[in-house]
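Asks: Please find one structure pasted underneath; my questions will follow.
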Amino acid sequence: MPRVIRLAPVHIPVQVEGTRNALRELGYVEGRNIRLEFLNAAGNVDALPAVAQEMVRDGGVDAIIAISTPAALAAYKATQTIPIVALTAVDPVGSGLADSLAHPGRNVTGVTMFSEETTVKRVELMREVFPRAVRLGTVTTRLTSGAQSLSPVLETGRALGFRVEHVDIDEPVDIAKALSPKILAGFDVLVFVPDAHMADIIKMIGLSKTPAIFASPDWVTNGGLMSFGPDFSNANHHLILQLDRVLKGAKASDLPFERPTKFDLRINLRTAKTLGIELPPAVVARADTVIE
């Protein structure tokens with residue numbers, strides 16, 4: 001019975017259940033033909049390397065599912081022999097996980113989101129929805145900051161006529177301070193790169209009544225205004241297909257990294273009404289899901 005460990009920065013129940021469901025669809029039943037374990041760093045990205053090293057030291061791991069680039073890097077640093085199937089936000093070649101997308105050449109394969117591309121699209125959407133907006137805030141955390149995720153926002157925002165400022169949240173405890181109504185009042189619109197601290201952030205954004213766009217549809221379901229990004233459930237399905245190939249004997253080094261083929265634009269019209277915003281009908285018509 002193969003032992004598979006899923007390593008992530010934080011525990012997100014809906015994503016954990018998505019992993020279980022995707023495995024069940026392929027015939028994997030926990031305790032019968034797969035041993036599945038879930039590890040996370042409780043939101044502390046700096047703890048991921050230690051978690052990964054301890055996981056490898058324990059031995060008996062047949063494959064690792066790594067959710068996020070930091071988790072993949074931590075797992076790769078801990079082992080260059082155990083196959084790693086990773087869901088990464090940024091280019092795995094640029095981050096040192098693979099020699100190329102088509103021929104990874106190492107023990108890491110998976111699905112790469114290229115989040116910088118979809119983050120640019122989120123900036124473009126905000127310009128389309130708010131043509132008179134001037135001050136754009138881009139919000140990152142230790143999980144999502146870095147030149148690969150931040151630079152595209154700054155460059156695209158400025159090219160579209162925004163005055164762009166960066167807000168960074170080092171720790172979850174800093175959310176209330178970094179996103180206080182006083183600070184958010186200085187922005188016309190906000191663009192978030194992927195992050196996990198959903199409930200606290202949505203609460204602060206709601207208090208400020210500043211329009212914001214997020215990376216994942218989960219945010220819109222929980223009260224966010226808009227989201228655009230890769231369909232996570234679809235990407236997760238492809239990730240588990242990669243894992244299935246590895247468990248059946250394929251080498252991670254030979255399995256090309258895949259890119260998402262399905263993207264999701266979601267709009268919450270209830271939130272728009274609360275904010276006093278009338279969204280352009282053309283944008284609403286393009287949405288994959290509209291919450292009335």
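As shown in the structure tokens, the chain order sets the letters A, B, ...; within each chain, residues go from 1, and ligands are also counted from 1 in the order they appear.
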From the DSSP assignment of the backbone, select every residue of segment 48-212 of chain A that is strand (DSSP E or B), and format the answer as a ChimeraX atom specification.
Replies: /A:63-67,84-88,108-112,135-141,163-169,189-192,212
Asks: Export, as a CSV table (one decimal), in the first residue's frame, the selected residues with C-alpha atoms.
Replies:
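File result.csv, as written:
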```csv
chain,number,residue,atom,x,y,z
A,63,ALA,CA,5.2,10.1,-3.0
A,64,ILE,CA,4.6,13.7,-1.9
A,65,ILE,CA,1.9,16.0,-3.0
A,66,ALA,CA,3.1,19.6,-2.5
A,67,ILE,CA,0.6,22.4,-2.6
A,84,ILE,CA,7.0,15.0,-5.7
A,85,VAL,CA,3.9,16.0,-7.5
A,86,ALA,CA,3.5,19.8,-7.0
A,87,LEU,CA,0.8,22.4,-7.6
A,88,THR,CA,2.9,25.6,-8.0
A,108,VAL,CA,9.4,17.0,-9.3
A,109,THR,CA,6.4,17.3,-11.7
A,110,GLY,CA,2.8,18.5,-11.4
A,111,VAL,CA,0.8,21.4,-12.5
A,112,THR,CA,2.0,25.0,-12.6
A,135,ARG,CA,-4.9,54.2,-6.6
A,136,LEU,CA,-4.4,50.5,-6.8
A,137,GLY,CA,-3.2,48.4,-3.9
A,138,THR,CA,-1.7,45.0,-4.4
A,139,VAL,CA,-1.7,42.8,-1.3
A,140,THR,CA,0.7,39.9,-0.8
A,141,THR,CA,1.8,37.8,2.1
A,163,ARG,CA,-0.7,54.6,-9.1
A,164,VAL,CA,0.3,51.3,-7.6
A,165,GLU,CA,1.3,50.7,-4.0
A,166,HIS,CA,2.2,47.4,-2.3
A,167,VAL,CA,0.8,46.1,1.0
A,168,ASP,CA,2.6,43.1,2.5
A,169,ILE,CA,1.2,41.0,5.4
A,189,VAL,CA,-9.3,49.2,-5.8
A,190,LEU,CA,-7.3,46.2,-4.5
A,191,VAL,CA,-5.8,43.2,-6.3
A,192,PHE,CA,-4.9,40.1,-4.3
A,212,ALA,CA,-11.2,43.9,-4.4
```
Asks: Which residues are near segment 58-60 of chain A? Cut-off 10 Å, only C-alpha atoms, ignore same chain within fewer than 4 positions. Put them as a PyMOL selection string.
Replies: chain A and resi 2-4+53-54+82
Asks: Work out how far apart atom CA of Asn33 of chain A and atom CA of Thr81 of chain A are and give it in Å to one decimal.
Replies: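 Rounded to one decimal, the two atoms are 22.4 Å apart.
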Asks: Contacts of Glu292 of chain A at 12 Å or less, counting only C-alpha atoms, minus same-chain residues fewer than 5 places along, as a list in words?
Replies: Val220, Thr221, Gly223, Leu225, Arg266, Ile267, Asn268, Leu269, Arg270, Thr271, Ala272, Lys273 and Val284 of chain A
Asks: Compile the contact shell of segment 16-21 of chain A as JSON, numbers by chain: residues with an atom at most 12 Å away, counting only C-alpha atoms, same-chain residues fewer than 6 positions apart removed.
Replies: {"A": [4, 5, 6, 7, 8, 10, 27, 28, 29, 30, 34, 35, 36, 37, 38, 39, 40, 65, 66, 67, 87, 232, 233, 234, 235, 236, 237, 238, 239, 240, 241, 243]}
Asks: Report as a ChimeraX atom specification: the residues of segment 80-246 of chain A with a DSSP assignment of alpha helix (DSSP H), based on the backbone of this structure.
Replies: /A:115-129,147-159,175-178,181-184,198-208,217-221,232-246
Asks: Given only C-alpha atoms as the basis, pick out the residue of A:Pro217, A:Pro83, A:Gly206, A:Gly229 nearest to Gly105 of chain A.
Replies: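 Checking each of A:Pro217, A:Pro83, A:Gly206, A:Gly229 against Gly105 of chain A, counting only C-alpha atoms, the winner is A:Pro83.
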Asks: Select, from A:His11, A:Arg32, A:Arg57, A:His103, the residue with the minimum atom-to-atom distance to Phe257 of chain A, counting only C-alpha atoms.
Replies: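 Among the listed residues, A:His103 lies closest to Phe257 of chain A.
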Asks: Using only C-alpha atoms, which protein or nucleic acid residues come within 8 Å of Arg127 of chain A? Drop anything in the same chain fewer than 5 positions from it, and give the result as JSON, numbers by chain.
Replies: {"A": [132, 133, 160]}
Asks: Please, could you write that set of residues out with N, CA, C and O atoms as a PDB file, in the first residue's frame?
Replies:
```
ATOM      1  N   ARG A 132     -12.234  54.897 -13.805  1.00  0.00           N
ATOM      2  CA  ARG A 132     -11.770  56.146 -13.212  1.00  0.00           C
ATOM      3  C   ARG A 132     -10.879  55.938 -11.985  1.00  0.00           C
ATOM      4  O   ARG A 132     -10.405  56.908 -11.395  1.00  0.00           O
ATOM      5  N   ALA A 133     -10.678  54.691 -11.598  1.00  0.00           N
ATOM      6  CA  ALA A 133      -9.846  54.418 -10.421  1.00  0.00           C
ATOM      7  C   ALA A 133      -8.403  54.823 -10.685  1.00  0.00           C
ATOM      8  O   ALA A 133      -7.887  54.661 -11.798  1.00  0.00           O
ATOM      9  N   LEU A 160      -1.501  50.731 -17.157  1.00  0.00           N
ATOM     10  CA  LEU A 160      -2.931  51.022 -17.319  1.00  0.00           C
ATOM     11  C   LEU A 160      -3.349  52.306 -16.607  1.00  0.00           C
ATOM     12  O   LEU A 160      -4.534  52.604 -16.494  1.00  0.00           O
TER      13      LEU A 160
END
```
Asks: Calculated over only C-alpha atoms, which of the candidates A:Leu247, A:Ser180, A:Ala98, A:Leu26 has the smallest distance to Val61 of chain A?
Replies: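 Answer, going by the shortest atom-to-atom distance: A:Leu247.
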Asks: Between A:Leu23, A:Ser100, A:Gly186, A:Asp62, which is the closest to Glu258 of chain A once you count only C-alpha atoms?
Replies: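 Using only C-alpha atoms, the shortest distance to Glu258 of chain A belongs to A:Ser100.
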Asks: Which is closest to Thr118 of chain A among A:Ala252, A:Ala215, A:Ala159, A:Leu48, if we use only C-alpha atoms?
Replies: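 Among the listed residues, A:Ala215 lies closest to Thr118 of chain A.
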Asks: Considering only C-alpha atoms, return as an MDAnalysis selection string whatever protein or nucleic-acid residues lie within 9 Å of Ala50 of chain A, sequence-local ones (same chain, fewer than 5 positions apart) excluded.
Replies: chainID A and resid 55 74 78
Asks: Just the number, please: distance in Å from atom CA of Asp254 of chain A to atom CA of Ala75 of chain A, one decimal.
Replies: 18.5 Å
